[in-house]
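**Q** So here's work36.txt (compact mmCIF, C-alpha atoms and all ligand atoms).
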```txt
# COMPACT_ATOMS: atom_id res chain seq x y z
CA MET I 4 22.23 -58.77 17.57
CA ALA I 5 19.20 -57.52 19.49
CA HIS I 6 19.68 -55.81 22.81
CA ALA I 7 17.17 -55.00 25.52
CA ALA I 8 16.48 -51.29 25.30
CA ARG I 9 13.98 -49.05 27.00
CA PHE I 10 13.24 -45.34 26.83
CA VAL I 11 14.00 -43.75 30.21
CA ALA I 12 13.32 -40.05 29.81
CA GLY I 13 13.38 -37.08 27.48
CA ALA I 14 14.85 -33.84 28.77
CA ALA I 15 14.03 -30.47 27.22
CA ASP I 16 15.76 -28.66 30.07
CA ALA I 17 18.36 -29.45 32.72
CA ARG I 18 15.78 -30.24 35.41
CA GLN I 19 14.38 -33.09 33.32
CA VAL I 20 17.74 -34.86 32.95
CA PRO I 21 17.35 -38.15 34.86
CA PRO I 22 19.85 -39.21 37.55
CA PRO I 23 22.62 -41.36 36.04
CA ARG I 24 22.21 -45.10 36.57
CA HIS I 25 24.86 -46.56 34.26
CA PRO I 26 27.87 -45.50 32.20
CA GLU I 27 26.58 -43.23 29.43
CA ILE I 28 27.41 -42.99 25.74
CA ALA I 29 26.00 -39.97 23.90
CA PHE I 30 25.30 -39.64 20.17
CA ALA I 31 25.78 -36.26 18.52
CA GLY I 32 25.88 -34.91 14.99
CA ARG I 33 24.26 -32.62 12.47
CA SER I 34 20.52 -32.71 12.02
CA ASN I 35 19.41 -35.59 9.84
CA VAL I 36 22.85 -37.21 9.77
CA GLY I 37 21.44 -40.48 11.10
CA LYS I 38 21.91 -40.41 14.90
CA SER I 39 18.60 -42.04 15.76
CA SER I 40 19.00 -44.62 12.98
CA LEU I 41 22.43 -45.61 14.29
CA LEU I 42 21.12 -45.93 17.82
CA ASN I 43 18.32 -48.18 16.58
CA ARG I 44 20.73 -50.28 14.54
CA LEU I 45 23.13 -50.67 17.48
CA VAL I 46 20.38 -52.13 19.65
CA GLY I 47 18.75 -54.05 16.81
CA GLN I 48 15.39 -52.31 17.18
CA HIS I 49 13.72 -50.33 14.46
CA LYS I 50 11.55 -48.07 16.51
CA LEU I 51 13.43 -47.21 19.69
CA ALA I 52 14.65 -43.74 18.72
CA ARG I 53 12.43 -41.85 16.34
CA VAL I 54 13.75 -41.62 12.79
CA SER I 55 12.39 -38.78 10.71
CA LYS I 56 12.31 -37.32 7.26
CA THR I 57 12.07 -33.88 8.83
CA PRO I 58 15.45 -32.60 10.01
CA GLY I 59 15.59 -31.36 13.57
CA ARG I 60 13.09 -33.90 14.84
CA THR I 61 14.98 -34.93 17.96
CA GLN I 62 14.53 -31.75 19.99
CA GLN I 63 15.36 -33.02 23.42
CA ILE I 64 17.96 -35.21 25.06
CA ASN I 65 16.59 -38.75 25.05
CA PHE I 66 17.90 -41.37 27.48
CA PHE I 67 17.67 -45.11 26.75
CA GLU I 68 18.70 -47.91 29.10
CA ILE I 69 20.52 -50.69 27.22
CA ASP I 70 20.70 -54.26 28.58
CA GLY I 71 20.23 -52.88 32.10
CA ARG I 72 23.87 -51.79 32.18
CA LEU I 73 24.48 -48.87 29.80
CA THR I 74 22.69 -45.65 28.92
CA PHE I 75 22.58 -44.36 25.35
CA VAL I 76 21.84 -40.67 25.00
CA ASP I 77 20.40 -39.24 21.77
CA LEU I 78 21.34 -35.55 21.60
CA PRO I 79 19.49 -32.97 19.48
CA GLY I 80 21.12 -32.40 16.09
CA TYR I 81 23.01 -29.21 15.30
CA GLY I 82 23.38 -27.16 12.15
CA PHE I 83 19.75 -27.08 11.12
CA ALA I 84 19.14 -23.64 9.62
CA ARG I 85 15.36 -23.52 9.98
CA VAL I 86 15.37 -23.75 13.77
CA PRO I 87 14.78 -20.31 15.39
CA LEU I 88 17.93 -18.82 16.92
CA HIS I 89 16.58 -18.69 20.48
CA VAL I 90 15.77 -22.40 20.29
CA LYS I 91 19.27 -23.13 19.00
CA HIS I 92 20.74 -21.24 21.97
CA GLU I 93 18.57 -23.23 24.38
CA TRP I 94 19.68 -26.56 22.89
CA LYS I 95 23.29 -25.48 22.88
CA ALA I 96 23.15 -24.50 26.55
CA LEU I 97 21.39 -27.74 27.48
CA VAL I 98 23.78 -29.94 25.49
CA GLU I 99 26.93 -28.14 26.67
CA ALA I 100 25.81 -28.35 30.29
CA TYR I 101 25.17 -32.05 29.86
CA LEU I 102 28.53 -32.69 28.13
CA THR I 103 30.57 -30.77 30.68
CA THR I 104 28.92 -31.88 33.93
CA ARG I 105 27.77 -35.44 33.42
CA ARG I 106 30.17 -37.64 35.33
CA ALA I 107 28.63 -40.87 34.05
CA LEU I 108 29.45 -39.83 30.46
CA ARG I 109 32.15 -42.13 29.06
CA ALA I 110 32.27 -41.13 25.40
CA VAL I 111 30.47 -39.21 22.68
CA VAL I 112 29.86 -40.76 19.29
CA VAL I 113 30.17 -37.88 16.82
CA ILE I 114 28.34 -38.94 13.68
CA VAL I 115 29.11 -37.48 10.26
CA ASP I 116 27.93 -38.36 6.77
CA LEU I 117 30.74 -40.26 5.02
CA ARG I 118 29.92 -38.34 1.84
CA ARG I 119 30.54 -34.98 3.56
CA GLY I 120 33.21 -35.83 6.09
CA VAL I 121 34.01 -33.58 9.07
CA GLU I 122 32.45 -30.14 8.63
CA ASP I 123 33.08 -27.02 10.74
CA ASP I 124 30.38 -27.78 13.35
CA ASP I 125 31.70 -31.31 13.74
CA ALA I 126 35.30 -30.15 14.14
CA GLN I 127 34.18 -27.65 16.79
CA LEU I 128 32.38 -30.38 18.71
CA LEU I 129 35.42 -32.70 18.54
CA ASP I 130 37.59 -29.86 19.90
CA PHE I 131 35.09 -29.06 22.62
CA LEU I 132 34.94 -32.69 23.75
CA GLN I 133 38.68 -33.11 23.82
CA ALA I 134 39.12 -29.81 25.68
CA ASN I 135 36.65 -31.08 28.30
CA GLY I 136 38.23 -34.51 28.64
CA VAL I 137 35.33 -36.42 27.06
CA PRO I 138 36.61 -39.03 24.57
CA PRO I 139 35.01 -38.69 21.13
CA ILE I 140 34.55 -41.48 18.60
CA LEU I 141 34.04 -40.41 15.02
CA VAL I 142 31.49 -42.48 13.14
CA ALA I 143 30.99 -41.85 9.43
CA THR I 144 27.61 -43.22 8.45
CA LYS I 145 25.54 -43.81 5.29
CA SER I 146 28.44 -45.75 3.73
CA ASP I 147 25.81 -47.67 1.73
CA LYS I 148 25.25 -44.51 -0.31
CA LEU I 149 28.72 -44.71 -1.88
CA ALA I 150 30.18 -47.13 -4.39
CA TYR I 151 32.99 -49.33 -3.10
CA GLY I 152 35.96 -47.34 -4.43
CA GLU I 153 34.64 -44.00 -3.24
CA ARG I 154 33.77 -45.48 0.15
CA ILE I 155 37.34 -46.70 0.64
CA ARG I 156 38.83 -43.43 -0.57
CA ARG I 157 36.73 -41.31 1.79
CA ALA I 158 37.22 -43.64 4.75
CA ARG I 159 40.98 -43.41 4.29
CA ALA I 160 40.94 -39.61 4.02
CA LEU I 161 38.86 -39.32 7.17
CA THR I 162 41.08 -41.67 9.15
CA GLU I 163 44.21 -39.81 8.03
CA ALA I 164 42.67 -36.51 9.16
CA VAL I 165 41.34 -37.64 12.53
CA ALA I 166 43.42 -40.57 13.79
CA PRO I 167 46.44 -38.31 14.59
CA LEU I 168 44.19 -36.54 17.12
CA GLY I 169 43.77 -39.85 18.93
CA ILE I 170 40.14 -40.18 17.90
CA PRO I 171 38.92 -43.62 16.81
CA VAL I 172 37.17 -43.67 13.42
CA VAL I 173 34.54 -46.19 12.32
CA VAL I 174 32.75 -46.22 8.97
CA CYS I 175 29.24 -47.64 9.10
CA SER I 176 25.79 -47.92 7.58
CA SER I 177 22.59 -48.06 9.58
CA ALA I 178 20.89 -49.31 6.42
CA ASN I 179 22.94 -52.52 6.04
CA GLY I 180 24.67 -52.82 9.43
CA ALA I 181 28.25 -52.46 8.15
CA GLY I 182 30.64 -51.34 10.89
CA VAL I 183 28.11 -51.69 13.69
CA GLU I 184 30.00 -54.46 15.52
CA ASP I 185 33.15 -52.31 15.39
CA ILE I 186 31.27 -49.45 17.03
CA TRP I 187 30.05 -51.80 19.76
CA LYS I 188 33.61 -52.98 20.45
CA THR I 189 34.86 -49.41 20.75
CA LEU I 190 31.97 -48.42 23.03
CA GLU I 191 32.38 -51.46 25.29
CA ALA I 192 36.04 -50.62 25.79
CA LEU I 193 35.27 -46.98 26.64
CA ALA I 194 32.30 -47.82 28.90
CA ARG I 195 34.49 -50.03 31.06
CA HIS I 196 36.79 -47.21 32.08
CA ALA I 197 35.77 -44.38 34.37
CA ARG I 198 37.19 -41.08 33.20
P1 LIG G 201 17.49 -35.56 13.76
O1 LIG G 201 17.13 -36.25 15.03
O2 LIG G 201 16.31 -34.96 13.06
O3 LIG G 201 18.61 -34.59 13.93
O4 LIG G 201 17.99 -36.67 12.71
P2 LIG G 201 18.95 -37.91 13.02
O5 LIG G 201 20.36 -37.48 12.99
O6 LIG G 201 18.47 -38.66 14.21
O7 LIG G 201 18.73 -38.77 11.69
P3 LIG G 201 17.71 -39.99 11.46
O8 LIG G 201 18.23 -41.22 12.11
O9 LIG G 201 16.32 -39.55 11.79
O10 LIG G 201 17.90 -40.22 9.90
C1 LIG G 201 17.65 -39.20 8.94
C2 LIG G 201 17.38 -39.83 7.56
O11 LIG G 201 18.55 -40.51 7.09
C3 LIG G 201 16.28 -40.89 7.59
O12 LIG G 201 15.55 -40.79 6.39
C4 LIG G 201 17.06 -42.20 7.65
O13 LIG G 201 16.34 -43.30 7.12
C5 LIG G 201 18.29 -41.89 6.81
N1 LIG G 201 19.47 -42.68 7.20
C6 LIG G 201 20.05 -42.72 8.43
N2 LIG G 201 21.14 -43.53 8.45
C7 LIG G 201 21.24 -44.03 7.19
C8 LIG G 201 22.18 -44.94 6.55
O14 LIG G 201 23.14 -45.45 7.13
N3 LIG G 201 21.97 -45.20 5.21
C9 LIG G 201 20.94 -44.65 4.52
N4 LIG G 201 20.83 -44.96 3.22
N5 LIG G 201 20.05 -43.79 5.08
C10 LIG G 201 20.19 -43.50 6.40
MG MG G 202 17.17 -38.11 15.71
```
As structure tokens, how would this structure be written, given the file I've shared?
**A**
Amino acid sequence: MAHAARFVAGAADARQVPPPRHPEIAFAGRSNVGKSSLLNRLVGQHKLARVSKTPGRTQQINFFEIDGRLTFVDLPGYGFARVPLHVKHEWKALVEAYLTTRRALRAVVVIVDLRRGVEDDDAQLLDFLQANGVPPILVATKSDKLAYGERIRRARALTEAVAPLGIPVVVCSSANGAGVEDIWKTLEALARHAR
């Protein structure tokens, strides 16, 4: 289903972060994992968030207003080796400041590749969010890249690993839309409740 979505602002440093207007849902994950593609698929628009073949393309925090009532926040990807260290430190400081101080933030969608599962960086982020009282949702994307049996096997393994931590898990594909309605349902429930 298509949603009204508009780009609000891009922030490369804390001063450029816009004042909060709605409950916010942020999207985080490794470089190139498919954050921007998922955001586009959720709102039913192909070109809202920039999708790239070059990892590390989203280098700022991008804010999008959805249906005049929610804000989606596209965070820069982590784990991309070719980014200079000082830039990595800047992003990390910016993202951590955002995640720890933003009172409008209701949840963070942590996106992993279903083929790779939760890697060290992802586990660290999940820990960090839980330690700071920000509810994470784990979304495993690119399910279209696996054959049925393998998809089911990996989805089950992921759920068994993460569900005991109280983290919801959704398997999806931005290519064919599988799981996208489930993500919406989870986000709607989280957006309704102030932390
Ligand atoms: P950065 O902003 O650079 O960190 O990347 P990102 O996490 O926003 O990833 P992006 O959405 O730009 O997608 C990276 C590549 O993966 C693109 O070539 C997408 O077309 C592809 N991709 C993303 N999601 C899916 C999916 O569900 N299935 C398939 N087959 N490809 C996908
Ligand atoms: Mg991106």
**Q** I'd like to know which of I:Val11, I:Leu51, I:Ala143, I:Ala5 is closest to ligand MG 202 (chain G), using all atoms listed in the file.
**A**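 Nearest candidate to ligand MG 202 (chain G) out of I:Val11, I:Leu51, I:Ala143, I:Ala5: I:Leu51.
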**Q** Separation of CA of Leu78 (chain I) and CA of Ala181 (chain I), in Å?
**A**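 These atoms are spaced 22.7 Å apart.
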**Q** Could you pull the residues within 8 Å of Gly37 (chain I), counting only C-alpha atoms, minus those fewer than 3 positions along the same chain, as an MDAnalysis selection string?
**A** chainID I and resid 34 40:41 54 114 144:145 177
**Q** Pull the closest atom pair for each residue of region 154-179 of chain I that gets at most 6 Å from region 119-141 of chain I, along with the distance in Å to one decimal, counting all atoms listed in the file, ordering rows by chain and then ascending residue number, as JSON lines.
**A**
```
{"residue": "I:Ile170", "atom": "CA", "partner": "I:Ile140", "partner_atom": "CA", "distance": 5.8}
{"residue": "I:Pro171", "atom": "CA", "partner": "I:Ile140", "partner_atom": "CA", "distance": 5.2}
{"residue": "I:Val172", "atom": "CA", "partner": "I:Leu141", "partner_atom": "CA", "distance": 4.8}
```
**Q** What residues have an atom no more than 9 Å from (31.5, -40.4, 25.2) in the file's own frame, counting all atoms listed in the file, and can you write them as a PyMOL selection string?
**A** chain I and resi 27-30+102+108-113+132+137-140+190+193-194
**Q** Output C-alpha atoms for every residue in the selection just made, as a PDB file, keeping the file's coordinate frame.
**A**
```
ATOM      1  CA  GLU I  27      26.580 -43.230  29.430  1.00  0.00           C
ATOM      2  CA  ILE I  28      27.410 -42.990  25.740  1.00  0.00           C
ATOM      3  CA  ALA I  29      26.000 -39.970  23.900  1.00  0.00           C
ATOM      4  CA  PHE I  30      25.300 -39.640  20.170  1.00  0.00           C
ATOM      5  CA  LEU I 102      28.530 -32.690  28.130  1.00  0.00           C
ATOM      6  CA  LEU I 108      29.450 -39.830  30.460  1.00  0.00           C
ATOM      7  CA  ARG I 109      32.150 -42.130  29.060  1.00  0.00           C
ATOM      8  CA  ALA I 110      32.270 -41.130  25.400  1.00  0.00           C
ATOM      9  CA  VAL I 111      30.470 -39.210  22.680  1.00  0.00           C
ATOM     10  CA  VAL I 112      29.860 -40.760  19.290  1.00  0.00           C
ATOM     11  CA  VAL I 113      30.170 -37.880  16.820  1.00  0.00           C
ATOM     12  CA  LEU I 132      34.940 -32.690  23.750  1.00  0.00           C
ATOM     13  CA  VAL I 137      35.330 -36.420  27.060  1.00  0.00           C
ATOM     14  CA  PRO I 138      36.610 -39.030  24.570  1.00  0.00           C
ATOM     15  CA  PRO I 139      35.010 -38.690  21.130  1.00  0.00           C
ATOM     16  CA  ILE I 140      34.550 -41.480  18.600  1.00  0.00           C
ATOM     17  CA  LEU I 190      31.970 -48.420  23.030  1.00  0.00           C
ATOM     18  CA  LEU I 193      35.270 -46.980  26.640  1.00  0.00           C
ATOM     19  CA  ALA I 194      32.300 -47.820  28.900  1.00  0.00           C
TER      20      ALA I 194
END
```
**Q** Contacts of Asn65 (chain I) at 8 Å or less, counting all atoms listed in the file, minus same-chain residues fewer than 3 places along, as a list in words?
**A** Phe10, Val11, Ala12, Gly13, Ala14, Val76, Asp77 and Leu78 of chain I
**Q** Which residues are near ligand LIG 201 (chain G) - at most 10 Å, using only C-alpha atoms and all ligand atoms? Format: as a ChimeraX atom specification.
**A** /I:30-44,52-63,77-83,114-117,143-149,174-181
**Q** With 5 Å on each side, where is the centre of the axis-aligned box around all listed atoms of region 33-51 of chain I, and how long are its edges in Å to one decimal, as lines of an AutoDock Vina configuration file?
**A**
```
center_x = 17.9
center_y = -43.3
center_z = 14.7
size_x = 22.7
size_y = 31.4
size_z = 19.9
```
**Q** Would you mind listing what lies within 10 Å of Ala17 (chain I) as a compact mmCIF listing (two decimals) with C-alpha atoms, keeping the file's coordinate frame, with only C-alpha atoms counted and same-chain residues fewer than 3 positions away left out?
**A**
```txt
# COMPACT_ATOMS: atom_id res chain seq x y z
CA ALA I 14 14.85 -33.84 28.77
CA VAL I 20 17.74 -34.86 32.95
CA PRO I 21 17.35 -38.15 34.86
CA ILE I 64 17.96 -35.21 25.06
CA ALA I 96 23.15 -24.50 26.55
CA LEU I 97 21.39 -27.74 27.48
CA VAL I 98 23.78 -29.94 25.49
CA ALA I 100 25.81 -28.35 30.29
CA TYR I 101 25.17 -32.05 29.86
```
**Q** One decimal, Å: what's the distance from CA of Glu184 (chain I) over to CA of Leu45 (chain I), could you say?
**A**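 These atoms are spaced 8.1 Å apart.
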**Q** Grab the CA of Val173 (chain I) to CA of Val142 (chain I) distance for me, in Å with one decimal place.
**A**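 The value is 4.9 Å.
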**Q** Kindly indicate which residue among I:Arg195, I:Lys50, I:Arg154, I:Lys188 lies nearest to ligand MG 202 (chain G), using all atoms listed in the file for the distances.
**A**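 Between I:Arg195, I:Lys50, I:Arg154, I:Lys188, the residue approaching ligand MG 202 (chain G) most closely is I:Lys50.
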**Q** Would you please work out which residue, of I:Arg118, I:Ile186, I:Phe75, I:Ala192, is nearest to Glu153 (chain I) when using all atoms listed in the file?
**A** I:Arg118
**Q** Would you please work out which residue, of I:Val183, I:Leu168, I:Ala8, I:Ile69, is nearest to His25 (chain I) when using all atoms listed in the file?
**A**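 So, comparing all the options, the nearest one is I:Ile69.
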**Q** With a distance cut-off of 10 Å and all atoms listed in the file, select the neighbouring residues of Glu93 (chain I), excluding the residue or stretch itself and same-chain residues fewer than 5 positions from it, and output the selection as a PyMOL selection string.
**A** chain I and resi 15-16+88+98-99
**Q** Select, from I:Ala150, I:Arg18, I:Leu73, I:Arg157, the residue with the minimum atom-to-atom distance to Trp187 (chain I), counting only C-alpha atoms.
**A**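 Answer, going by the shortest atom-to-atom distance: I:Leu73.
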